[in-house]
Every structure is written in C-alpha cells, then in structure tokens.
Amino acid sequence: MSVRPARRSRGGAPRRERRPVPERIEELRQRAEQGPPTDPEPFLEALSDPDPNVRCVATWGLGHLREMRARAALETALLDPDSRVRALGAGALGALGHAGSAPPLRGALGDPTGLVRCQAAWALAALADRDSVPALLPHIADPEWETRRAVAAALGRTPTPEAVVALLGRFDDPHERVRREAVLALRGAGVPSVVRAVRPMLEDPSGRVRVAAAIVLGQWRDAGSVPALLRHATEDTTFVRPAVLIALGRIGDPSSVPTLVAQVHDGPSWTRVCALRALAEIGGPEARTAGRSALEDESWSVRGSAAEVIGRAGEPEDLGRLLQRLEDVHPWPRRGALYALGRLGLVEAAPRIREELKHPSAEVRLAAIWTLGRLGDDGAGETLAGMLRALPLLRPGASGGSPLVETEEGPTLVSDADARQFDALVQALGRLVGSNSDPLVLRALLDARARVREEEWERPARLPPPELEGSQPVPTLRMLFEAALPGLAEEEGEI
C-alpha cells in the first residue's frame, strides 16, 4: 500500500478522515517504519482522530521516530481519554528524553490506570530527573508490581538518601522482579550500610534476585561476600552460577581460584566460559594452566574464552597454541587468539595475522586490525590503508544486533564489528604512524578524515573490546583522529 499525503481542506486545515480505520493505521505504521527523516504532521493530525486505535498508532509512531517537535503534543496525550494512548504517550516521552517533560510525567504517576503509571515511571527513569524523586517515592508501594518495579528503576537513576531507603524497603517485596530491580537500582550506592544489606539477598528464594545480588556485589568488589559467592558457585543452579563466577573474578580474591579452576572443567559451556573469564581477571599460573587446558575444549565458546585467558595470563611460549587456534573452524576462538597475540606482543605472528584481514567474519577482521595496530607491524600499513579507503562510513549508532543467532548450521556470530571497523582502522593506522611515517598511511588517514560527516565528530569512538576495558573514558571520533594525526592539519598539502 502506498503512503498518501494527509488530506486537507481548501483552507489548509486537516479534514476529517473518511478512509477505513485499518487503512489509516497501516499508513501510519508504514510512515513510522520508514524512520527519520519522516514528516511528523500526519502523526500529529492523527492524535486528534476520533478512533483511539489510530491515536495509539500515532503516539507510538512519534515515539518510534523520536520526533522532538512532537513533545508538546505527546505531553497532551497524557490526558487522552484512552488509557492506552496515555501509556504510549508516556513511553514516547521517555524515548525523547527531554528534561522538560518531567513535570507532566510526574503528574501521570497519579493516573488511575496501572499501565500508565508504569510507563510514566519508566520514562522518568530514562530522564534520570533528580527533582522527580519526591513524586516517585509514594509509588514504590504501588498496588501494581509492574509500577513498583519501574519506580525502583527510576529511583536507582538518582540514588538520593531517600531513594536508597525506599529501595531497601522493597527487599521484602512479594514479587521477585521488584526485589531484583530494587537490588540492581542500588548499584550506584555502594556505601558500607547498603553493601551489608545486599549480601543477604544472595539467599533470596528467587534465582533472579540472587543473580542481581551477585552482579551488584561483584561490581562493588565486595570481599566480604566471597564466602557466600563461593558456596553458590558450586551449590546454586546453573542459571545463577555465571553471575556468581563473574562476581568472583571482579572481586579478585585469590581464595576463589581453586573453585574457578574446578568450574572450568565441569558443567555446561556457559558456566565454563564465565569461570575462564573470571580467571582472566585474576591472572596467575593457575589461570594460565586452566586456559591452556581449555584451548582444545569441544565447545567453541570455551575455546574462545580460553584464548582470552592466555592473552591476560599467558607467556611468549603460548605462540604455537594461539596460532593453532587461528585454524579453528569457528570465528570466536580465532577472534580470542588474535586479541591474545596482540596483548602478548607476539610480533612474529604478524604475517599470519595479516591473513585474517580477509576472513569472512567481521569480528575476526576487527580483531586482526586491532592486533596489527598493537604490534606495530609495518607490513600491514598498506593493507590496512586500503581497507580504510574501501570502507564506507556507517550511520551513527549502526549495529549488527545480537551477538549470536541460531542458524541451521548452529550458532553464528554476528555483531556490531562492521560498525567498529572504520574507527578501529583509524586507531590502528594512527599507531603505525607513530613508528612509520609511510605517506600511504598518512594519506589514507587524511582521506578518511575528510569523509567524516559533521555530526559524527563528537560521537564516542566505536573501538574493539580490549579498548573498552577499565575505567578510561571512551574517546570521541575527533580525539581518535587527533591522536592518529598529531600536528598534521597544516601539513596536508605536503603529503
């Protein structure tokens, strides 16, 4: 069905639609699915349609398009006689994320319909508006558990002392999802009194809550929770163990190592992966031995994580083991081996690594780019420069979606690696410039800089995973080019 322009009278004012409701709804859906830039006028006109189903789709469409010009109309939609429109209006305002919408959203917390109150709370969570805490506090005891959960999330975004007290009071909520959200909401309030209150949640009857407690305690690196975490690492369900194992790795207590090593060789693949990643955080000879033994595991995910361990705790003598993983049939172990070779600085592997720049998996290519830049391999300059020239700029926020999908042939790796390759190539070539002023490399960087759109300059750089570890802020794309081309802006004509 083609999308028609909105009907208007001779004076220019909207004329009442006579087409069937399903046709009007389908037209709005098609317009919304086109994405921005899309004219918001048909949606704004449809907000006054006599049929509530049309108003619902119009409200959803404006939120889907994140159409900031519709903010006032969406705030008015919070007063619509149909509760579905009011709920969708609250959700759309949350998607817009404008702080000026906080007051009407606070008013929507008093709506008689639970779904509207819930969506208003989620929208206030998105706004992280500190002034909304007094309005949110009474609704932490809302009769609807969905609303209590959303309010807990909103209070967690602005953990004032009053918000922390209210969240702690939900630790005995009758619904497990509210308890879970209350625990997670306290991640930004790791003071001793709160830490002591969260520890007992490791014994909650709900696995979801125990997972949340493990996540938070691991984030706080709470050594006091290690004995309980070690018990859950062996006695709890396989649904909970991964979070417990990761928490033990983040805390980094050496007493955890024997339990983690035992988990590498026991249980389903996902728990073995988490045990390996925890060992990678702690390091040491036990981690190195466990990683080496798991490089031949039957599970590709375990082999990939084992390579990560070698990258953190390995030695130069692991070169042969890692090169063997570059022959793996699955891309994930190859990816892990490439990052490990880069971390260990094994320059002698560079010729073999260059071959992986042609691998069909974007994740493998991304890892090879990062590793060659890290190793400073002069021979890769020409190849990387050619890749940068040939690579199109992706739109802001471009992503490949979920990391893994199931196919007839089994799990297949997909990711946002395609979106990261432009930035990774700039970074890698910039590092090569530091040791080699090859004009070909410099020209490729300058040409790439000239292709960057104005709106892209201040976005966070999309870098390979090893660059995102730790607490260092992510550089912008502008900062990435400045590091790659220091002081060259005035010399472009000489290159």
# chains A, B, ... in the order shown; residues from 1 in each chain; ligands from 1

$ residues_around --residues "Asp82 in chain A" --least-positions-apart "6" --cutoff "10 Å" --atoms "only C-alpha atoms" --output "MDAnalysis selection string"
chainID A and resid 51:53 55:56

$ residues_around --residues "Leu388 in chain A" --least-positions-apart "5" --cutoff "9 Å" --atoms "only C-alpha atoms" --output "PyMOL selection string"
chain A and resi 383+421-422+425-426+444-445+448

$ closest_residue --among "A:Gly267, A:Gly110, A:Pro20, A:Gly345" --to "Pro138 in chain A" --atoms "only C-alpha atoms"
A:Gly110

$ select_by_dssp --residues "range 309-407 of chain A" --states "strand (DSSP E or B)" --output "count of residues only"
4

$ residues_around --residues "range 297-308 of chain A" --least-positions-apart "6" --cutoff "10 Å" --atoms "only C-alpha atoms" --output "number ranges by chain"
A: 264-265, 268-277, 279-280, 287-291, 314, 318, 321-322, 325, 328-341, 343, 411

$ atom_distance --atom1 "CA of Ala125 in chain A" --atom2 "CA of Leu109 in chain A"
12.4 Å

$ residues_around --residues "Leu477 in chain A" --least-positions-apart "3" --cutoff "12 Å" --atoms "only C-alpha atoms" --output "list of chain:residue names"
A:Pro396, A:Arg420, A:Phe422, A:Asp423, A:Ala424, A:Leu425, A:Val426, A:Gln427, A:Ala448, A:Arg449, A:Val452, A:Arg453, A:Glu454, A:Glu455, A:Glu456, A:Trp457, A:Glu458, A:Arg459, A:Pro460, A:Ala461, A:Arg462, A:Leu463, A:Val474, A:Leu480, A:Phe481, A:Glu482, A:Ala483, A:Ala484

$ closest_residue --among "A:Arg29, A:Arg443, A:Arg199, A:Arg86" --to "Asp222 in chain A" --atoms "only C-alpha atoms"
A:Arg199

$ residues_around --residues "range 243-247 of chain A" --least-positions-apart "3" --cutoff "8 Å" --atoms "only C-alpha atoms" --output "number ranges by chain"
A: 211, 214-215, 217-219, 221, 229-230, 232-233, 240, 250-251, 260, 271, 274-275, 277-278

$ write_last_selection --atoms "C-alpha atoms" --output "PDB file, in the first residue's frame"
ATOM      1  CA  VAL A 211      21.769 -13.077  40.144  1.00  0.00           C
ATOM      2  CA  ALA A 214      25.891 -11.253  42.628  1.00  0.00           C
ATOM      3  CA  ILE A 215      26.107  -8.627  39.873  1.00  0.00           C
ATOM      4  CA  LEU A 217      28.392  -7.261  44.863  1.00  0.00           C
ATOM      5  CA  GLY A 218      30.830  -8.052  42.067  1.00  0.00           C
ATOM      6  CA  GLN A 219      30.585  -4.514  40.761  1.00  0.00           C
ATOM      7  CA  ARG A 221      34.244  -5.760  44.536  1.00  0.00           C
ATOM      8  CA  LEU A 229      29.646 -16.484  46.491  1.00  0.00           C
ATOM      9  CA  LEU A 230      31.980 -19.494  46.613  1.00  0.00           C
ATOM     10  CA  HIS A 232      26.762 -20.506  45.369  1.00  0.00           C
ATOM     11  CA  ALA A 233      29.393 -21.206  42.695  1.00  0.00           C
ATOM     12  CA  VAL A 240      22.743 -18.328  38.843  1.00  0.00           C
ATOM     13  CA  ARG A 250      35.808  -8.962  39.589  1.00  0.00           C
ATOM     14  CA  ILE A 251      36.475  -9.172  43.308  1.00  0.00           C
ATOM     15  CA  LEU A 260      37.033 -21.266  39.434  1.00  0.00           C
ATOM     16  CA  THR A 271      29.439 -21.684  33.239  1.00  0.00           C
ATOM     17  CA  CYS A 274      32.336 -17.479  32.945  1.00  0.00           C
ATOM     18  CA  ALA A 275      34.868 -19.357  35.071  1.00  0.00           C
ATOM     19  CA  ARG A 277      36.706 -15.058  32.190  1.00  0.00           C
ATOM     20  CA  ALA A 278      36.871 -14.766  35.974  1.00  0.00           C
TER      21      ALA A 278
END

$ select_by_dssp --residues "range 48-147 of chain A" --states "alpha helix (DSSP H)" --output "PyMOL selection string"
chain A and resi 52-65+71-77+83-96+102-108+114-127+133-136+145-147

$ closest_residue --among "A:Thr160, A:Ala92, A:Arg231, A:Ala189" --to "Glu203 in chain A" --atoms "only C-alpha atoms"
A:Arg231

$ residues_around --residues "Arg352 in chain A" --least-positions-apart "2" --cutoff "12 Å" --atoms "only C-alpha atoms" --output "list in words"
Leu319, Gly320, Leu322, Leu323, Gln324, Arg325, Leu326, Glu327, Arg334, Ala337, Leu338, Leu341, Leu346, Val347, Glu348, Ala349, Ala350, Arg354, Glu355, Glu356, Leu357, Lys358, His359, Ala368, Thr371, Leu372, Asp377, Gly379 and Ala380 of chain A

$ atom_distance --atom1 "CA of Arg208 in chain A" --atom2 "CA of Arg148 in chain A"
16.5 Å

$ decode --residues "range 422-466 of chain A" --atoms "N, CA and C atoms" --output "PDB file, in the first residue's frame"
ATOM      1  N   PHE A 422      35.714   1.007  10.867  1.00  0.00           N
ATOM      2  CA  PHE A 422      36.253   2.303  10.453  1.00  0.00           C
ATOM      3  C   PHE A 422      37.087   2.908  11.578  1.00  0.00           C
ATOM      4  N   ASP A 423      36.519   2.953  12.789  1.00  0.00           N
ATOM      5  CA  ASP A 423      37.226   3.544  13.921  1.00  0.00           C
ATOM      6  C   ASP A 423      38.461   2.725  14.290  1.00  0.00           C
ATOM      7  N   ALA A 424      38.338   1.390  14.220  1.00  0.00           N
ATOM      8  CA  ALA A 424      39.479   0.542  14.558  1.00  0.00           C
ATOM      9  C   ALA A 424      40.624   0.745  13.570  1.00  0.00           C
ATOM     10  N   LEU A 425      40.301   0.927  12.302  1.00  0.00           N
ATOM     11  CA  LEU A 425      41.340   1.165  11.297  1.00  0.00           C
ATOM     12  C   LEU A 425      42.028   2.509  11.526  1.00  0.00           C
ATOM     13  N   VAL A 426      41.259   3.533  11.877  1.00  0.00           N
ATOM     14  CA  VAL A 426      41.860   4.839  12.181  1.00  0.00           C
ATOM     15  C   VAL A 426      42.825   4.702  13.349  1.00  0.00           C
ATOM     16  N   GLN A 427      42.391   4.005  14.385  1.00  0.00           N
ATOM     17  CA  GLN A 427      43.242   3.829  15.557  1.00  0.00           C
ATOM     18  C   GLN A 427      44.498   3.023  15.218  1.00  0.00           C
ATOM     19  N   ALA A 428      44.315   1.910  14.503  1.00  0.00           N
ATOM     20  CA  ALA A 428      45.452   1.050  14.177  1.00  0.00           C
ATOM     21  C   ALA A 428      46.465   1.778  13.296  1.00  0.00           C
ATOM     22  N   LEU A 429      45.989   2.481  12.264  1.00  0.00           N
ATOM     23  CA  LEU A 429      46.901   3.210  11.390  1.00  0.00           C
ATOM     24  C   LEU A 429      47.565   4.362  12.134  1.00  0.00           C
ATOM     25  N   GLY A 430      46.841   4.982  13.066  1.00  0.00           N
ATOM     26  CA  GLY A 430      47.448   6.027  13.879  1.00  0.00           C
ATOM     27  C   GLY A 430      48.598   5.501  14.705  1.00  0.00           C
ATOM     28  N   ARG A 431      48.452   4.282  15.202  1.00  0.00           N
ATOM     29  CA  ARG A 431      49.548   3.681  15.966  1.00  0.00           C
ATOM     30  C   ARG A 431      50.724   3.357  15.058  1.00  0.00           C
ATOM     31  N   LEU A 432      50.430   2.938  13.839  1.00  0.00           N
ATOM     32  CA  LEU A 432      51.523   2.653  12.906  1.00  0.00           C
ATOM     33  C   LEU A 432      52.254   3.931  12.520  1.00  0.00           C
ATOM     34  N   VAL A 433      51.535   5.054  12.445  1.00  0.00           N
ATOM     35  CA  VAL A 433      52.175   6.327  12.121  1.00  0.00           C
ATOM     36  C   VAL A 433      53.249   6.656  13.131  1.00  0.00           C
ATOM     37  N   GLY A 434      53.016   6.247  14.402  1.00  0.00           N
ATOM     38  CA  GLY A 434      53.993   6.549  15.446  1.00  0.00           C
ATOM     39  C   GLY A 434      55.356   5.942  15.197  1.00  0.00           C
ATOM     40  N   SER A 435      55.404   4.830  14.488  1.00  0.00           N
ATOM     41  CA  SER A 435      56.688   4.186  14.216  1.00  0.00           C
ATOM     42  C   SER A 435      57.054   4.185  12.736  1.00  0.00           C
ATOM     43  N   ASN A 436      56.176   4.740  11.897  1.00  0.00           N
ATOM     44  CA  ASN A 436      56.424   4.668  10.459  1.00  0.00           C
ATOM     45  C   ASN A 436      55.657   5.796   9.773  1.00  0.00           C
ATOM     46  N   SER A 437      56.351   6.738   9.182  1.00  0.00           N
ATOM     47  CA  SER A 437      55.694   7.875   8.533  1.00  0.00           C
ATOM     48  C   SER A 437      55.442   7.591   7.055  1.00  0.00           C
ATOM     49  N   ASP A 438      54.970   6.389   6.763  1.00  0.00           N
ATOM     50  CA  ASP A 438      54.675   5.992   5.390  1.00  0.00           C
ATOM     51  C   ASP A 438      53.639   6.958   4.797  1.00  0.00           C
ATOM     52  N   PRO A 439      53.944   7.652   3.708  1.00  0.00           N
ATOM     53  CA  PRO A 439      52.974   8.584   3.107  1.00  0.00           C
ATOM     54  C   PRO A 439      51.649   7.925   2.748  1.00  0.00           C
ATOM     55  N   LEU A 440      51.686   6.637   2.397  1.00  0.00           N
ATOM     56  CA  LEU A 440      50.456   5.934   2.039  1.00  0.00           C
ATOM     57  C   LEU A 440      49.509   5.863   3.231  1.00  0.00           C
ATOM     58  N   VAL A 441      50.076   5.587   4.415  1.00  0.00           N
ATOM     59  CA  VAL A 441      49.262   5.504   5.626  1.00  0.00           C
ATOM     60  C   VAL A 441      48.714   6.878   5.991  1.00  0.00           C
ATOM     61  N   LEU A 442      49.568   7.889   5.911  1.00  0.00           N
ATOM     62  CA  LEU A 442      49.134   9.238   6.249  1.00  0.00           C
ATOM     63  C   LEU A 442      48.028   9.718   5.309  1.00  0.00           C
ATOM     64  N   ARG A 443      48.178   9.450   4.034  1.00  0.00           N
ATOM     65  CA  ARG A 443      47.172   9.885   3.074  1.00  0.00           C
ATOM     66  C   ARG A 443      45.846   9.178   3.320  1.00  0.00           C
ATOM     67  N   ALA A 444      45.882   7.896   3.657  1.00  0.00           N
ATOM     68  CA  ALA A 444      44.644   7.161   3.928  1.00  0.00           C
ATOM     69  C   ALA A 444      43.918   7.768   5.122  1.00  0.00           C
ATOM     70  N   LEU A 445      44.665   8.161   6.156  1.00  0.00           N
ATOM     71  CA  LEU A 445      44.043   8.777   7.330  1.00  0.00           C
ATOM     72  C   LEU A 445      43.448  10.136   6.995  1.00  0.00           C
ATOM     73  N   LEU A 446      44.182  10.929   6.214  1.00  0.00           N
ATOM     74  CA  LEU A 446      43.681  12.253   5.839  1.00  0.00           C
ATOM     75  C   LEU A 446      42.442  12.145   4.959  1.00  0.00           C
ATOM     76  N   ASP A 447      42.437  11.196   4.045  1.00  0.00           N
ATOM     77  CA  ASP A 447      41.265  10.993   3.199  1.00  0.00           C
ATOM     78  C   ASP A 447      40.063  10.556   4.028  1.00  0.00           C
ATOM     79  N   ALA A 448      40.318   9.698   5.017  1.00  0.00           N
ATOM     80  CA  ALA A 448      39.225   9.230   5.875  1.00  0.00           C
ATOM     81  C   ALA A 448      38.673  10.379   6.706  1.00  0.00           C
ATOM     82  N   ARG A 449      39.566  11.239   7.194  1.00  0.00           N
ATOM     83  CA  ARG A 449      39.121  12.385   7.980  1.00  0.00           C
ATOM     84  C   ARG A 449      38.229  13.306   7.144  1.00  0.00           C
ATOM     85  N   ALA A 450      38.542  13.457   5.885  1.00  0.00           N
ATOM     86  CA  ALA A 450      37.752  14.324   5.016  1.00  0.00           C
ATOM     87  C   ALA A 450      36.362  13.750   4.743  1.00  0.00           C
ATOM     88  N   ARG A 451      36.186  12.455   4.925  1.00  0.00           N
ATOM     89  CA  ARG A 451      34.903  11.821   4.665  1.00  0.00           C
ATOM     90  C   ARG A 451      33.954  11.867   5.860  1.00  0.00           C
ATOM     91  N   VAL A 452      34.449  12.227   7.027  1.00  0.00           N
ATOM     92  CA  VAL A 452      33.616  12.192   8.228  1.00  0.00           C
ATOM     93  C   VAL A 452      32.582  13.310   8.197  1.00  0.00           C
ATOM     94  N   ARG A 453      31.338  12.965   8.433  1.00  0.00           N
ATOM     95  CA  ARG A 453      30.277  13.965   8.480  1.00  0.00           C
ATOM     96  C   ARG A 453      30.367  14.787   9.756  1.00  0.00           C
ATOM     97  N   GLU A 454      29.885  15.992   9.699  1.00  0.00           N
ATOM     98  CA  GLU A 454      29.993  16.912  10.830  1.00  0.00           C
ATOM     99  C   GLU A 454      29.358  16.328  12.085  1.00  0.00           C
ATOM    100  N   GLU A 455      28.204  15.662  11.937  1.00  0.00           N
ATOM    101  CA  GLU A 455      27.503  15.141  13.114  1.00  0.00           C
ATOM    102  C   GLU A 455      28.205  13.939  13.750  1.00  0.00           C
ATOM    103  N   GLU A 456      29.207  13.396  13.044  1.00  0.00           N
ATOM    104  CA  GLU A 456      29.907  12.232  13.566  1.00  0.00           C
ATOM    105  C   GLU A 456      31.079  12.580  14.492  1.00  0.00           C
ATOM    106  N   TRP A 457      31.583  13.798  14.408  1.00  0.00           N
ATOM    107  CA  TRP A 457      32.842  14.114  15.071  1.00  0.00           C
ATOM    108  C   TRP A 457      32.819  13.885  16.579  1.00  0.00           C
ATOM    109  N   GLU A 458      31.735  14.220  17.230  1.00  0.00           N
ATOM    110  CA  GLU A 458      31.712  14.158  18.691  1.00  0.00           C
ATOM    111  C   GLU A 458      31.088  12.878  19.239  1.00  0.00           C
ATOM    112  N   ARG A 459      30.774  11.934  18.377  1.00  0.00           N
ATOM    113  CA  ARG A 459      30.245  10.675  18.896  1.00  0.00           C
ATOM    114  C   ARG A 459      31.359   9.854  19.525  1.00  0.00           C
ATOM    115  N   PRO A 460      31.035   8.964  20.479  1.00  0.00           N
ATOM    116  CA  PRO A 460      32.052   8.076  21.040  1.00  0.00           C
ATOM    117  C   PRO A 460      32.625   7.163  19.959  1.00  0.00           C
ATOM    118  N   ALA A 461      33.931   6.976  19.991  1.00  0.00           N
ATOM    119  CA  ALA A 461      34.566   6.085  19.018  1.00  0.00           C
ATOM    120  C   ALA A 461      34.104   4.651  19.255  1.00  0.00           C
ATOM    121  N   ARG A 462      33.835   3.922  18.154  1.00  0.00           N
ATOM    122  CA  ARG A 462      33.424   2.519  18.241  1.00  0.00           C
ATOM    123  C   ARG A 462      34.681   1.669  18.144  1.00  0.00           C
ATOM    124  N   LEU A 463      35.208   1.277  19.284  1.00  0.00           N
ATOM    125  CA  LEU A 463      36.508   0.620  19.330  1.00  0.00           C
ATOM    126  C   LEU A 463      36.376  -0.863  19.641  1.00  0.00           C
ATOM    127  N   PRO A 464      37.400  -1.655  19.326  1.00  0.00           N
ATOM    128  CA  PRO A 464      37.378  -3.080  19.651  1.00  0.00           C
ATOM    129  C   PRO A 464      37.291  -3.300  21.165  1.00  0.00           C
ATOM    130  N   PRO A 465      36.786  -4.452  21.590  1.00  0.00           N
ATOM    131  CA  PRO A 465      36.566  -4.710  23.019  1.00  0.00           C
ATOM    132  C   PRO A 465      37.761  -4.436  23.930  1.00  0.00           C
ATOM    133  N   PRO A 466      38.995  -4.815  23.571  1.00  0.00           N
ATOM    134  CA  PRO A 466      40.100  -4.545  24.508  1.00  0.00           C
ATOM    135  C   PRO A 466      40.282  -3.062  24.829  1.00  0.00           C
TER     136      PRO A 466
END
